[in-house]
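Asker: The file below is coords05.pdb, PDB, C-alpha atoms:
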```pdb
ATOM      1  CA  MET A  95      -1.186  23.401   8.917
ATOM      2  CA  SER A  96      -4.694  23.898   7.636
ATOM      3  CA  GLU A  97      -7.633  23.214   9.903
ATOM      4  CA  GLY A  98      -8.625  19.603  10.507
ATOM      5  CA  ILE A  99      -5.234  18.170   9.689
ATOM      6  CA  LYS A 100      -3.506  16.513  12.582
ATOM      7  CA  LYS A 101       0.013  15.259  12.908
ATOM      8  CA  PHE A 102      -0.048  11.475  13.292
ATOM      9  CA  LEU A 103       2.978   9.480  14.360
ATOM     10  CA  TYR A 104       2.870   5.709  14.049
ATOM     11  CA  VAL A 105       5.442   4.085  16.318
ATOM     12  CA  ASN A 106       6.700   0.651  15.310
ATOM     13  CA  ARG A 107       8.549  -1.266  18.010
ATOM     14  CA  LYS A 108       8.169  -4.928  17.107
ATOM     15  CA  ALA A 109       9.881  -7.366  14.731
ATOM     16  CA  PRO A 110       8.035  -7.851  11.416
ATOM     17  CA  HIS A 111       6.945 -11.439  11.961
ATOM     18  CA  GLY A 112       5.821 -13.582  14.869
ATOM     19  CA  THR A 113       3.107 -11.096  15.812
ATOM     20  CA  ILE A 114       0.570  -9.245  13.696
ATOM     21  CA  TYR A 115       1.620  -5.764  14.898
ATOM     22  CA  ALA A 116       3.885  -4.776  11.999
ATOM     23  CA  LEU A 117       1.426  -5.733   9.273
ATOM     24  CA  GLU A 118      -1.508  -4.184  11.148
ATOM     25  CA  ALA A 119       0.430  -0.958  11.662
ATOM     26  CA  LEU A 120       1.255  -0.792   7.959
ATOM     27  CA  GLU A 121      -2.399  -1.278   7.014
ATOM     28  CA  VAL A 122      -3.551   1.382   9.458
ATOM     29  CA  VAL A 123      -0.946   3.769   8.035
ATOM     30  CA  LEU A 124      -2.198   3.183   4.490
ATOM     31  CA  ILE A 125      -5.807   3.654   5.560
ATOM     32  CA  GLY A 126      -4.910   6.794   7.538
ATOM     33  CA  ALA A 127      -2.976   8.205   4.588
ATOM     34  CA  ALA A 128      -6.125   8.034   2.472
ATOM     35  CA  PHE A 129      -7.650  10.645   4.789
ATOM     36  CA  GLU A 130      -4.895  13.132   4.005
ATOM     37  CA  GLN A 131      -3.532  13.619   7.487
ATOM     38  CA  ASP A 132       0.056  14.558   8.205
ATOM     39  CA  VAL A 133       1.617  11.141   8.717
ATOM     40  CA  SER A 134       5.046  10.178  10.064
ATOM     41  CA  LEU A 135       6.404   6.755  10.926
ATOM     42  CA  ALA A 136       8.910   5.931  13.625
ATOM     43  CA  PHE A 137      10.870   2.704  13.883
ATOM     44  CA  LEU A 138      12.644   1.855  17.115
ATOM     45  CA  ASP A 139      13.581  -1.134  19.275
ATOM     46  CA  ASP A 140      12.980  -4.376  17.309
ATOM     47  CA  GLY A 141      10.769  -2.343  14.963
ATOM     48  CA  VAL A 142      13.886  -1.404  12.979
ATOM     49  CA  PHE A 143      13.945  -5.002  11.682
ATOM     50  CA  GLN A 144      10.785  -4.216   9.712
ATOM     51  CA  LEU A 145      12.841  -2.090   7.318
ATOM     52  CA  VAL A 146      15.787  -4.446   6.899
ATOM     53  CA  LYS A 147      16.122  -5.498   3.259
ATOM     54  CA  GLY A 148      16.107  -9.033   1.954
ATOM     55  CA  TRP A 149      13.340 -10.682   3.974
ATOM     56  CA  ASP A 150      12.624 -14.297   3.155
ATOM     57  CA  THR A 151       9.361 -15.502   4.682
ATOM     58  CA  LYS A 152       9.077 -18.810   2.823
ATOM     59  CA  GLU A 153       9.910 -20.976   5.846
ATOM     60  CA  LEU A 154       7.647 -18.879   8.077
ATOM     61  CA  GLY A 155       4.596 -19.404   5.917
ATOM     62  CA  SER A 156       3.579 -15.768   6.376
ATOM     63  CA  LYS A 157       3.049 -13.105   3.742
ATOM     64  CA  ASN A 158       6.127 -11.156   2.709
ATOM     65  CA  PHE A 159       4.759  -7.625   2.983
ATOM     66  CA  ALA A 160       8.170  -5.935   2.733
ATOM     67  CA  PRO A 161       7.360  -4.652  -0.810
ATOM     68  CA  THR A 162       4.381  -2.770   0.632
ATOM     69  CA  TYR A 163       6.733  -0.378   2.471
ATOM     70  CA  MET A 164       7.893   0.695  -1.002
ATOM     71  CA  ALA A 165       4.344   1.901  -1.741
ATOM     72  CA  LEU A 166       4.355   4.366   1.171
ATOM     73  CA  GLY A 167       5.756   7.089  -1.101
ATOM     74  CA  ASP A 168       2.728   6.664  -3.402
ATOM     75  CA  TYR A 169       0.523   7.275  -0.359
ATOM     76  CA  ASP A 170       2.390  10.530   0.363
ATOM     77  CA  VAL A 171       3.993   9.040   3.444
ATOM     78  CA  SER A 172       7.463  10.477   3.133
ATOM     79  CA  LYS A 173       8.598  10.957   6.719
ATOM     80  CA  ILE A 174      10.110   7.787   8.104
ATOM     81  CA  TYR A 175      12.272   8.121  11.206
ATOM     82  CA  VAL A 176      14.568   5.311  12.331
ATOM     83  CA  GLU A 177      16.292   5.466  15.693
ATOM     84  CA  LYS A 178      20.065   5.327  15.440
ATOM     85  CA  GLU A 179      20.622   3.703  18.846
ATOM     86  CA  SER A 180      18.122   0.915  18.068
ATOM     87  CA  LEU A 181      19.997   0.145  14.839
ATOM     88  CA  GLU A 182      23.387   0.157  16.576
ATOM     89  CA  GLU A 183      22.214  -2.038  19.456
ATOM     90  CA  ARG A 184      21.249  -4.645  16.854
ATOM     91  CA  GLY A 185      24.419  -4.376  14.794
ATOM     92  CA  LEU A 186      22.594  -2.637  11.954
ATOM     93  CA  SER A 187      23.219   0.528   9.975
ATOM     94  CA  GLU A 188      21.332   2.549   7.369
ATOM     95  CA  ASP A 189      22.937   0.390   4.648
ATOM     96  CA  ASP A 190      20.964  -2.622   5.905
ATOM     97  CA  LEU A 191      17.628  -0.885   5.332
ATOM     98  CA  MET A 192      15.372  -0.923   2.280
ATOM     99  CA  GLU A 193      15.552   2.160   0.104
ATOM    100  CA  LEU A 194      12.258   3.954   0.625
ATOM    101  CA  THR A 195      11.661   6.960  -1.578
ATOM    102  CA  TYR A 196       9.007   9.497  -2.523
ATOM    103  CA  GLU A 197       8.659  11.984  -5.352
ATOM    104  CA  ASP A 198       8.804  15.596  -4.254
ATOM    105  CA  GLU A 199       5.948  17.451  -5.933
ATOM    106  CA  ASP A 200       7.542  20.796  -5.090
ATOM    107  CA  ASP A 201      10.862  19.843  -6.669
ATOM    108  CA  ASP A 202       9.863  18.658 -10.154
ATOM    109  CA  TRP A 203       8.985  15.170  -8.803
ATOM    110  CA  ALA A 204      12.574  14.447  -7.865
ATOM    111  CA  GLU A 205      12.984  11.087  -6.145
ATOM    112  CA  LYS A 206      14.116  11.517  -2.554
ATOM    113  CA  SER A 207      14.780   9.222   0.364
ATOM    114  CA  SER A 208      12.022   9.017   2.974
ATOM    115  CA  ILE A 209      14.291   7.593   5.641
ATOM    116  CA  HIS A 210      15.771   9.815   8.330
ATOM    117  CA  ILE A 211      18.092   8.367  10.942
ATOM    118  CA  VAL A 212      17.527  10.185  14.241
ATOM    119  CA  SER A 213      19.015   9.921  17.703
ATOM    120  CA  ARG A 214      17.000   8.796  20.723
ATOM    121  CA  GLU A 215      16.880  12.385  21.884
ATOM    122  CA  GLU A 216      15.540  13.629  18.540
ATOM    123  CA  MET A 217      12.993  10.807  18.573
ATOM    124  CA  ALA A 218      11.683  12.024  21.932
ATOM    125  CA  ARG A 219      11.307  15.558  20.562
ATOM    126  CA  LEU A 220       9.548  14.179  17.484
ATOM    127  CA  MET A 221       7.017  12.367  19.657
ATOM    128  CA  ALA A 222       6.357  15.524  21.626
ATOM    129  CA  ALA A 223       5.715  17.452  18.409
ATOM    130  CA  ASN A 224       2.918  15.158  17.138
ATOM    131  CA  ASP A 225      -0.799  15.434  17.970
ATOM    132  CA  VAL A 226      -1.617  11.740  17.856
ATOM    133  CA  ILE A 227       0.740   8.861  18.591
ATOM    134  CA  LEU A 228      -0.243   5.312  17.765
ATOM    135  CA  SER A 229       2.074   2.661  19.121
ATOM    136  CA  PHE A 230       2.353  -0.835  17.644
TER     137      PHE A 230
ATOM    138  CA  MET B  21     -20.243 -18.778  -3.264
ATOM    139  CA  ALA B  22     -18.399 -19.252  -6.524
ATOM    140  CA  TYR B  23     -18.040 -18.079 -10.111
ATOM    141  CA  ASP B  24     -18.483 -20.561 -12.923
ATOM    142  CA  VAL B  25     -15.793 -20.345 -15.616
ATOM    143  CA  ASN B  26     -16.520 -22.849 -18.388
ATOM    144  CA  GLY B  27     -17.471 -25.506 -15.854
ATOM    145  CA  THR B  28     -14.754 -24.782 -13.258
ATOM    146  CA  THR B  29     -15.815 -23.104 -10.046
ATOM    147  CA  VAL B  30     -13.822 -20.309  -8.435
ATOM    148  CA  GLU B  31     -14.642 -19.437  -4.813
ATOM    149  CA  HIS B  32     -15.388 -15.846  -3.857
ATOM    150  CA  ASP B  33     -16.368 -13.953  -0.695
ATOM    151  CA  GLU B  34     -19.729 -12.306   0.027
ATOM    152  CA  GLU B  35     -18.724  -9.218  -1.941
ATOM    153  CA  GLY B  36     -17.459 -11.096  -4.990
ATOM    154  CA  TYR B  37     -13.699 -10.905  -4.417
ATOM    155  CA  ILE B  38     -12.048 -14.227  -5.219
ATOM    156  CA  THR B  39     -10.734 -16.179  -2.241
ATOM    157  CA  ASN B  40      -7.569 -17.565  -3.772
ATOM    158  CA  LEU B  41      -5.675 -14.936  -5.788
ATOM    159  CA  SER B  42      -3.902 -17.571  -7.882
ATOM    160  CA  ASP B  43      -7.300 -18.738  -9.270
ATOM    161  CA  TRP B  44      -7.406 -15.677 -11.555
ATOM    162  CA  THR B  45      -7.542 -16.062 -15.331
ATOM    163  CA  LYS B  46      -8.566 -13.702 -18.140
ATOM    164  CA  GLU B  47     -11.685 -15.816 -18.631
ATOM    165  CA  LEU B  48     -12.563 -15.381 -14.961
ATOM    166  CA  ALA B  49     -12.091 -11.616 -15.315
ATOM    167  CA  GLU B  50     -14.686 -11.624 -18.117
ATOM    168  CA  VAL B  51     -17.115 -13.577 -15.914
ATOM    169  CA  ILE B  52     -16.707 -11.168 -12.975
ATOM    170  CA  ALA B  53     -17.011  -8.166 -15.313
ATOM    171  CA  LYS B  54     -20.289  -9.518 -16.651
ATOM    172  CA  GLU B  55     -21.687  -9.821 -13.116
ATOM    173  CA  GLU B  56     -20.612  -6.208 -12.550
ATOM    174  CA  ASN B  57     -22.281  -5.123 -15.808
ATOM    175  CA  VAL B  58     -18.942  -3.987 -17.190
ATOM    176  CA  ASP B  59     -18.229  -4.590 -20.865
ATOM    177  CA  MET B  60     -14.475  -5.178 -21.019
ATOM    178  CA  THR B  61     -12.757  -2.993 -23.646
ATOM    179  CA  ASP B  62      -9.019  -2.454 -24.201
ATOM    180  CA  GLU B  63      -9.254   0.547 -21.865
ATOM    181  CA  HIS B  64     -10.742  -1.623 -19.108
ATOM    182  CA  TRP B  65      -8.005  -4.203 -19.584
ATOM    183  CA  GLU B  66      -5.374  -1.502 -19.357
ATOM    184  CA  VAL B  67      -6.584  -0.588 -15.859
ATOM    185  CA  VAL B  68      -7.022  -4.214 -14.768
ATOM    186  CA  ASN B  69      -3.539  -5.162 -15.982
ATOM    187  CA  PHE B  70      -2.114  -2.053 -14.352
ATOM    188  CA  LEU B  71      -3.665  -3.038 -11.002
ATOM    189  CA  ARG B  72      -2.274  -6.548 -11.272
ATOM    190  CA  GLU B  73       1.205  -5.165 -11.946
ATOM    191  CA  TYR B  74       0.877  -2.811  -8.973
ATOM    192  CA  TYR B  75      -0.142  -5.689  -6.725
ATOM    193  CA  ASP B  76       2.692  -7.813  -8.009
ATOM    194  CA  GLU B  77       5.183  -5.102  -7.140
ATOM    195  CA  TYR B  78       3.820  -3.847  -3.809
ATOM    196  CA  GLN B  79       1.550  -6.657  -2.541
ATOM    197  CA  ILE B  80      -1.380  -4.282  -2.078
ATOM    198  CA  ALA B  81      -4.300  -3.045  -4.136
ATOM    199  CA  PRO B  82      -3.888   0.743  -4.286
ATOM    200  CA  ALA B  83      -6.452   3.199  -2.913
ATOM    201  CA  ILE B  84      -8.250   5.223  -5.600
ATOM    202  CA  ARG B  85      -6.148   8.350  -4.989
ATOM    203  CA  VAL B  86      -2.969   6.334  -5.434
ATOM    204  CA  LEU B  87      -4.342   4.574  -8.516
ATOM    205  CA  VAL B  88      -5.169   7.914 -10.150
ATOM    206  CA  LYS B  89      -1.695   9.250  -9.434
ATOM    207  CA  ALA B  90       0.054   6.125 -10.685
ATOM    208  CA  MET B  91      -2.109   5.994 -13.848
ATOM    209  CA  LYS B  92      -1.319   9.656 -14.495
ATOM    210  CA  LYS B  93       2.374   8.922 -14.257
ATOM    211  CA  LYS B  94       2.222   5.945 -16.625
ATOM    212  CA  PHE B  95      -0.487   6.937 -19.129
ATOM    213  CA  GLY B  96      -0.730  10.723 -18.785
ATOM    214  CA  PRO B  97      -3.416  13.061 -17.380
ATOM    215  CA  GLU B  98      -6.131  12.050 -19.888
ATOM    216  CA  LYS B  99      -6.230   8.581 -18.290
ATOM    217  CA  GLY B 100      -4.951   9.429 -14.848
ATOM    218  CA  ASN B 101      -8.050  11.174 -13.567
ATOM    219  CA  ASN B 102     -11.151  10.281 -11.575
ATOM    220  CA  LYS B 103     -13.636  10.997 -14.366
ATOM    221  CA  TYR B 104     -11.991   8.647 -16.856
ATOM    222  CA  LEU B 105     -11.717   5.841 -14.304
ATOM    223  CA  TYR B 106     -15.304   6.264 -13.043
ATOM    224  CA  GLU B 107     -16.597   6.157 -16.618
ATOM    225  CA  LEU B 108     -14.903   2.800 -17.086
ATOM    226  CA  PHE B 109     -15.881   1.465 -13.660
ATOM    227  CA  PRO B 110     -18.987   3.343 -12.473
ATOM    228  CA  TYR B 111     -19.217   1.596  -9.090
ATOM    229  CA  GLY B 112     -15.750   2.707  -8.053
ATOM    230  CA  PRO B 113     -12.611   2.055 -10.072
ATOM    231  CA  ALA B 114     -10.587   0.763  -7.157
ATOM    232  CA  LYS B 115     -13.304  -1.571  -5.891
ATOM    233  CA  GLN B 116     -14.740  -2.784  -9.174
ATOM    234  CA  ALA B 117     -11.520  -3.001 -11.171
ATOM    235  CA  CYS B 118      -9.749  -4.769  -8.292
ATOM    236  CA  LYS B 119     -12.528  -7.336  -8.144
ATOM    237  CA  ILE B 120     -12.211  -8.004 -11.867
ATOM    238  CA  ALA B 121      -8.410  -8.096 -11.538
ATOM    239  CA  GLY B 122      -8.742 -10.811  -8.893
ATOM    240  CA  LEU B 123      -7.160  -8.711  -6.151
ATOM    241  CA  PRO B 124      -8.303  -8.176  -2.577
ATOM    242  CA  LYS B 125     -10.423  -5.129  -1.781
ATOM    243  CA  PRO B 126      -8.156  -2.057  -1.642
ATOM    244  CA  THR B 127      -6.825  -1.258   1.819
ATOM    245  CA  GLY B 128      -8.792   1.649   3.212
ATOM    246  CA  CYS B 129     -11.728   1.084   0.887
ATOM    247  CA  VAL B 130     -14.929   0.653   2.922
TER     248      VAL B 130
END
```
Spit out the file's structure as structure tokens when you get a sec.

Answerer:
Amino acid sequence: MSEGIKKFLYVNRKAPHGTIYALEALEVVLIGAAFEQDVSLAFLDDGVFQLVKGWDTKELGSKNFAPTYMALGDYDVSKIYVEKESLEERGLSEDDLMELTYEDEDDDWAEKSSIHIVSREEMARLMAANDVILSF
Amino acid sequence: MAYDVNGTTVEHDEEGYITNLSDWTKELAEVIAKEENVDMTDEHWEVVNFLREYYDEYQIAPAIRVLVKAMKKKFGPEKGNNKYLYELFPYGPAKQACKIAGLPKPTGCV
């Protein structure tokens, strides 16, 4: 790590709609990414619902910002960790999630998945390994 | 505060970004460009249309760094660079071009 770059982990724990947390977190991530920090995202508890594909917000009257997660790769945010236990507890699996990808500059711009499914134990280690943790 | 497009008024905020994104028309873009002292050429339209497509796909106006990278991918390095974009939009390609494209101010753009 070069000097001045810190490891930021944004922790998302809430469902996408009903509160402003998910959208605010996403905006903060995009703003933070512009400052070229080392950014990771974690999704656990009800936060895993944020990445479930096929949202329909018409009846809710709120903005469908699901497509914005697809832009994370453009912002060089390519480390997205989803907790396995949180998915299982909600009857979800990786197949229910949106496909989030990035292009690997060091591998001839090959398109790769940004999503990593991790256990609760690995998630704890991940949190310990970051300099700054922002929880939403 | 509002723009006047052939007699119709289109509301905008204190910085000139239109309030209702669906109010946008090509004629409105020309009006905003004039206020920004930008003379719209095909090259300007290419960027404006590109931004609108990006917004349509991702629901955000990209930050300048992301715009440069995406332009580079689509149009090649001669158009996907800061110098080219700043020559077209001297007061900041992301800010100025987004305003003309009828999009919100880019996230992370202060």

Asker: Nearest to chain A: which of B:Val58, B:Cys118, B:Leu108, B:Leu87 is it, counting only C-alpha atoms?

Answerer: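 Among the listed residues, B:Leu87 lies closest to chain A.
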
Asker: Taking all atoms listed in the file into account, which residues of chain A are within 6 Å of chain B, as a VMD selection string?

Answerer: chain A and resid 125 161 to 162

Asker: Find, counting all atoms listed in the file, the residue in A:Asp140, A:Lys206, A:Gly167, A:Ser134 that gets nearest to Met221 of chain A.

Answerer: A:Ser134

Asker: Going by the chain IDs and residue numbers used in this file, which residues fall under the PyMOL selection byres ((chain B and resi 35-45) around 9)? Write them as a list in words.

Answerer: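 For this structure, the PyMOL selection byres ((chain B and resi 35-45) around 9) resolves to Met21, Ala22, Tyr23, Val30, Glu31, His32, Asp33, Glu34, Lys46, Glu47, Leu48, Ala49, Glu50, Ile52, Cys118, Lys119, Ile120, Ala121, Gly122, Leu123, Pro124 and Lys125 of chain B.
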
Asker: Could you list, as a ChimeraX atom specification, every residue within 12 Å of Glu215 of chain A, counting only C-alpha atoms and ignoring same-chain residues fewer than 6 positions away?

Answerer: /A:177-179,221-222

Asker: Using all atoms listed in the file for the distances, tell me which of A:Phe159, A:Tyr169, A:Phe230, A:Phe137 is nearest to Ile209 of chain A.

Answerer: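 Ranking A:Phe159, A:Tyr169, A:Phe230, A:Phe137 by distance to Ile209 of chain A, first place goes to A:Phe137.
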
Asker: Would you mind reading off the distance between atom CA of Gln131 of chain A and atom CA of Gly98 of chain A, one decimal, in Å?

Answerer: 8.4 Å
